[in-house]
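For reference, the structure discussed in these notes is given below.
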Amino acid sequence: MFFSRIFNGVINAIAPDEKPVPTDDALRATSASLSNPFTRVEISASFPPVIDTDNAFLLLKMIERELGDKHGKTLSEAGRINIVYPRKHPLKFPKHDNTAEFEAMKVWHMLQRAKPEVEWVFGNALNELHKLGRTGNQTSIHALTAKQEYVVYDNAPQHGAPLRFGQPENDKKEFFIMVDSGFEQGTTMANLLSFIEANGGSVLGAAVSDQKLNTLQQKNTSIFDDNAVRAALRAEFNDASRNTGRIAEMALAFSASARQGGLEITPQQAIDMFEARLNKLGNSVFAMTDGEASRIIRTVTSDDDQAMSFQQLISALDDKAGVSRESTNTIQNKPQAVTR
C-alpha cells in the first residue's frame with residue numbers, strides 16, 4: 001500500500017493532464033437534489049465516541065444501538081448503511097491521494113462479512129469540491145471558517161451497491177457511517193455530518209484509524225466542574241441535551257483574555273460576541289467539535305506562536321466575514337458595560 005502510493009505519486013507528478021478540469025458549476029449539476037447548508041448543523045450531544053476502524057465488533061454494536069435508540073429500527077429494518085469518507089472529486093483533483101479510502105474500504109469489507117444480509121454501500125460517489133489545506137493549517141480560525149462543498153459523482157467506480165442518497169426516486173431514510181484515516185480537531189467529519197443531515201440523512205457514528213478516544217461532541221473534562229457556575233451563562237448555553245460541553249469553559253477563557261487586553265466583559269458577553277461572529281460565517285458554538293473548542297481555548301490562553309487575544313480573535317473573524325475595520329476597532333477601544 002505504502003509503496004503503491006509512492007509509485008502513483010511519481011507517475012502523477014510526471015504525467016500530463018489529458019482532460020480539462022470541469023467547472024465547479026458543472027460538477028454541482030450532478031447533485032441538483034442535494035444542497036450545501038450555509039450554517040453547519042449542530043452536533044448531537046449524544047453522538048457516540050469515535051471508534052477504531054479495526055474494531056468491527058464495536059462498530060457493529062454502535063450501529064445497532066444508534067438505530068434502535070434513536071430511530072426505533074433494527075439493522076435488518078434499516079436495510080442499508082452508507083460508508084462515506086473524505087474524498088476529493090476525481091475529475092477536479094485526478095492526482096489526489098485520498099488517504100481515507102483504504103480505511104473506508106477496510107470497514108466496508110469487515111461489515112459485509114459480519115452482516116452480509118445488509119446492503120453496505122461504499123460511498124465513494126460523495127466527493128469534496130475544495131482543497132482546504134487543513135492538514136497544514138490547524139489554526140482555530142481556519143477550522144471554523146473554511147467551507148467545504150460536497151457533490152455526488154454518479155460515474156464513480158462502483159464497488160457493490162450504488163449510493164442512492166439524494167436520488168429523486170429514493171424515499172428511503174439513509175443512514176451513514178463516516179470513516180477517516182486521521183483525526184485532529186474533527187472539523188472534516190463535522191462538515192461531512194452537517195451536509196448529510198441537512199439533506200435528510202442520519203449519521204450514526206464515525207470510525208478513524210488508530211483512534212485515541214476522540215469525540216465529535218464537546219465533553220466537559222473539568223476536574224472540579226464549576227465552569228457553568230462561574231460563567232453564569234443563559235440557559236441555552238448550559239443545555240445538556242445540546243452540544244454545550246465546552247461552552248462555559250470557552251466563555252471563561254474569552255472573558256479572561258479580553259480582560260488581560262483591557263476589555264472588561266462578562267463570560268456571557270464574550271460568548272455572545274463570539275457566537276455572533278460565527279453565525280455570520282455559517283457556524284455556531286453548538287456545532288463546534290470538542291477538538292475545535294479545545295483548540296480555540298488554547299488559542300486565547302497559551303503563549304505559543306499561534307496564540308491570539310480575544311480581541312484579535314474577534315478581529316480575525318470579522319476579517320473573514322468582511323466586516324469593516326472601523327466596526328472591529330470598537331471592540332478594542334470602546335469599553336462595554338458589565339452585567340452581573
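Ordered as shown in the C-alpha cells, chains take letters A, B, and onward, while each chain numbers its residues from 1 and ligands are numbered from 1 in the order shown.
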DSSP says strand (DSSP E or B) for which residues of segment 86-172 of chain A? Put them as an mmCIF file with N, CA and C atoms, in the first residue's frame?
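Here's the written file part03.cif:
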```
data_model
loop_
_atom_site.group_PDB
_atom_site.id
_atom_site.type_symbol
_atom_site.label_atom_id
_atom_site.label_comp_id
_atom_site.auth_asym_id
_atom_site.auth_seq_id
_atom_site.Cartn_x
_atom_site.Cartn_y
_atom_site.Cartn_z
ATOM 1 N N LYS A 88 -11.726 13.714 -2.462
ATOM 2 C CA LYS A 88 -11.732 14.798 -3.430
ATOM 3 C C LYS A 88 -12.319 14.311 -4.762
ATOM 4 N N GLU A 119 -27.287 -4.220 3.081
ATOM 5 C CA GLU A 119 -26.670 -3.548 1.943
ATOM 6 C C GLU A 119 -25.702 -2.486 2.458
ATOM 7 N N TRP A 120 -24.416 -2.802 2.427
ATOM 8 C CA TRP A 120 -23.386 -1.858 2.850
ATOM 9 C C TRP A 120 -22.885 -1.121 1.620
ATOM 10 N N VAL A 121 -23.109 0.173 1.556
ATOM 11 C CA VAL A 121 -22.764 0.967 0.372
ATOM 12 C C VAL A 121 -21.416 1.642 0.578
ATOM 13 N N PHE A 122 -20.487 1.380 -0.336
ATOM 14 C CA PHE A 122 -19.201 2.074 -0.306
ATOM 15 C C PHE A 122 -19.395 3.405 -1.013
ATOM 16 N N LEU A 126 -19.682 10.249 -3.098
ATOM 17 C CA LEU A 126 -19.836 11.515 -2.375
ATOM 18 C C LEU A 126 -18.463 12.184 -2.287
ATOM 19 N N ASN A 127 -18.310 13.295 -2.992
ATOM 20 C CA ASN A 127 -16.987 13.905 -3.174
ATOM 21 C C ASN A 127 -16.936 15.348 -2.695
ATOM 22 N N GLU A 128 -15.733 15.777 -2.313
ATOM 23 C CA GLU A 128 -15.475 17.169 -1.921
ATOM 24 C C GLU A 128 -15.038 17.978 -3.141
ATOM 25 N N TYR A 150 -19.878 19.649 -1.045
ATOM 26 C CA TYR A 150 -19.965 18.249 -1.445
ATOM 27 C C TYR A 150 -20.889 18.084 -2.643
ATOM 28 N N VAL A 151 -20.520 17.160 -3.513
ATOM 29 C CA VAL A 151 -21.380 16.789 -4.630
ATOM 30 C C VAL A 151 -21.338 15.271 -4.784
ATOM 31 N N VAL A 152 -22.332 14.743 -5.479
ATOM 32 C CA VAL A 152 -22.359 13.315 -5.793
ATOM 33 C C VAL A 152 -21.900 13.134 -7.241
#
```
So that I can check the secondary structure, give me every residue of segment 110-208 of chain A assigned alpha helix (DSSP H) by backbone DSSP, as a short mmCIF file (atom, residue, chain, number, x, y, z; two decimals) with C-alpha atoms, in the first residue's frame.
```
data_model
loop_
_atom_site.label_atom_id
_atom_site.label_comp_id
_atom_site.auth_asym_id
_atom_site.auth_seq_id
_atom_site.Cartn_x
_atom_site.Cartn_y
_atom_site.Cartn_z
CA MET A 110 -15.46 -6.06 7.55
CA LEU A 111 -19.10 -5.10 7.90
CA GLN A 112 -20.07 -7.01 4.76
CA ARG A 113 -18.52 -10.15 6.23
CA ALA A 114 -20.18 -9.59 9.59
CA SER A 140 -8.81 27.69 15.01
CA ILE A 141 -9.71 30.47 12.57
CA HIS A 142 -9.13 28.20 9.56
CA ALA A 143 -11.01 25.25 11.06
CA LEU A 144 -14.05 27.32 11.99
CA THR A 145 -14.35 29.38 8.79
CA THR A 187 -13.62 19.56 11.51
CA THR A 188 -13.67 17.36 8.41
CA MET A 189 -16.15 14.97 9.99
CA ALA A 190 -18.29 17.78 11.43
CA ASN A 191 -18.68 19.33 7.98
CA LEU A 192 -19.48 15.98 6.34
CA LEU A 193 -22.04 15.24 9.05
CA SER A 194 -23.59 18.66 8.51
CA PHE A 195 -24.03 18.09 4.78
CA ILE A 196 -25.58 14.66 5.26
CA GLU A 197 -28.02 15.67 7.98
CA ALA A 198 -29.00 18.95 6.29
#
```
Subject >> Pick from A:Phe224, A:Phe165, A:Phe183, A:Phe93, whichever lies nearest to Gly200 of chain A using only C-alpha atoms >> reply: A:Phe165
**OP:** Within 9 Å of segment 210-212 of chain A, counting only C-alpha atoms, which residues show up once you throw out same-chain ones fewer than 3 positions away? Write them as an MDAnalysis selection string, please.
**Re:** chainID A and resid 50:54 181:183 207
When you look at segment 59-70 of chain A with a cut-off of 10 Å (counting only C-alpha atoms), what residues show up, excluding the ones that are within fewer than 4 positions of it in the same chain? I need them as an mmCIF file with C-alpha atoms, in the first residue's frame.
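What ended up in around_17.cif:
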```cif
data_model
loop_
_atom_site.group_PDB
_atom_site.id
_atom_site.type_symbol
_atom_site.label_atom_id
_atom_site.label_comp_id
_atom_site.auth_asym_id
_atom_site.auth_seq_id
_atom_site.Cartn_x
_atom_site.Cartn_y
_atom_site.Cartn_z
ATOM 1 C CA SER A 46 -25.413 12.026 22.322
ATOM 2 C CA PHE A 47 -23.249 11.381 19.252
ATOM 3 C CA PRO A 48 -21.265 8.205 20.033
ATOM 4 C CA PRO A 49 -17.499 8.216 20.624
ATOM 5 C CA VAL A 50 -15.345 7.737 17.535
ATOM 6 C CA ILE A 51 -14.373 4.061 17.082
ATOM 7 C CA ASP A 52 -11.205 2.478 15.715
ATOM 8 C CA THR A 53 -11.577 1.267 12.120
ATOM 9 C CA ASP A 54 -10.092 -2.120 13.082
ATOM 10 C CA ASN A 55 -12.820 -2.873 15.618
ATOM 11 C CA THR A 74 -33.148 -2.892 13.764
ATOM 12 C CA LEU A 75 -30.257 -3.210 11.342
ATOM 13 C CA SER A 76 -32.403 -5.520 9.205
ATOM 14 C CA GLU A 77 -35.201 -2.943 9.114
ATOM 15 C CA ALA A 78 -32.787 -0.177 8.134
ATOM 16 C CA ILE A 81 -25.934 1.668 5.596
ATOM 17 C CA VAL A 107 -14.576 -1.066 7.138
ATOM 18 C CA MET A 110 -15.455 -6.058 7.549
ATOM 19 C CA LEU A 111 -19.102 -5.101 7.896
ATOM 20 C CA ALA A 114 -20.182 -9.587 9.591
ATOM 21 C CA LYS A 115 -23.697 -8.882 8.219
ATOM 22 C CA PHE A 175 -28.038 6.053 7.352
ATOM 23 C CA PHE A 176 -24.296 6.739 7.333
ATOM 24 C CA ILE A 177 -21.016 5.839 8.985
ATOM 25 C CA SER A 202 -28.622 10.447 9.514
ATOM 26 C CA VAL A 203 -25.044 9.879 10.634
ATOM 27 C CA LEU A 204 -24.954 7.013 13.131
ATOM 28 C CA GLY A 205 -21.292 7.305 14.095
ATOM 29 C CA ALA A 206 -17.704 7.603 12.966
ATOM 30 C CA ALA A 207 -14.559 5.484 12.764
#
```
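Computed from the coordinates, the atom CA of Leu216 of chain A to atom CA of Met105 of chain A distance equals 22.2 Å.
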Distance query Gln268 of chain A at most 9 Å, only C-alpha atoms, self and fewer than 5 positions along chain excluded, as a compact mmCIF listing (two decimals) with C-alpha atoms, in the first residue's frame:
```txt
# COMPACT_ATOMS: atom_id res chain seq x y z
CA ALA A 231 -19.59 31.55 33.71
CA ALA A 232 -23.27 32.16 34.64
CA LEU A 233 -24.42 31.76 31.04
CA ARG A 234 -28.01 31.84 29.81
CA ALA A 248 -18.77 27.60 29.66
CA ALA A 251 -16.71 31.78 27.72
CA LEU A 252 -14.47 31.96 30.78
CA SER A 255 -13.57 36.84 29.18
CA MET A 273 -19.71 38.20 20.67
CA THR A 339 -23.77 42.84 33.67
```
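Between atom CA of Asn283 of chain A and atom CA of Ala146 of chain A the separation is 10.2 Å.
Distances to Glu174 of chain A were evaluated for A:Pro22, A:Gly79, A:Gly160, A:Pro267 using only C-alpha atoms, and the minimum falls at A:Gly79.
Residues in contact range of Glu292 of chain A, defined as at most 9 Å between only C-alpha atoms, with sequence neighbours fewer than 2 positions away removed, read Ser140, Ala143, Leu144, Glu184, Gln185, Gly186, Thr187, Gln218, Met288, Thr289, Asp290, Ser294, Arg295, Ile296 and Ile297 of chain A.
You will find atom CA of Ala156 of chain A at 6.7 Å from atom CA of Asn124 of chain A.
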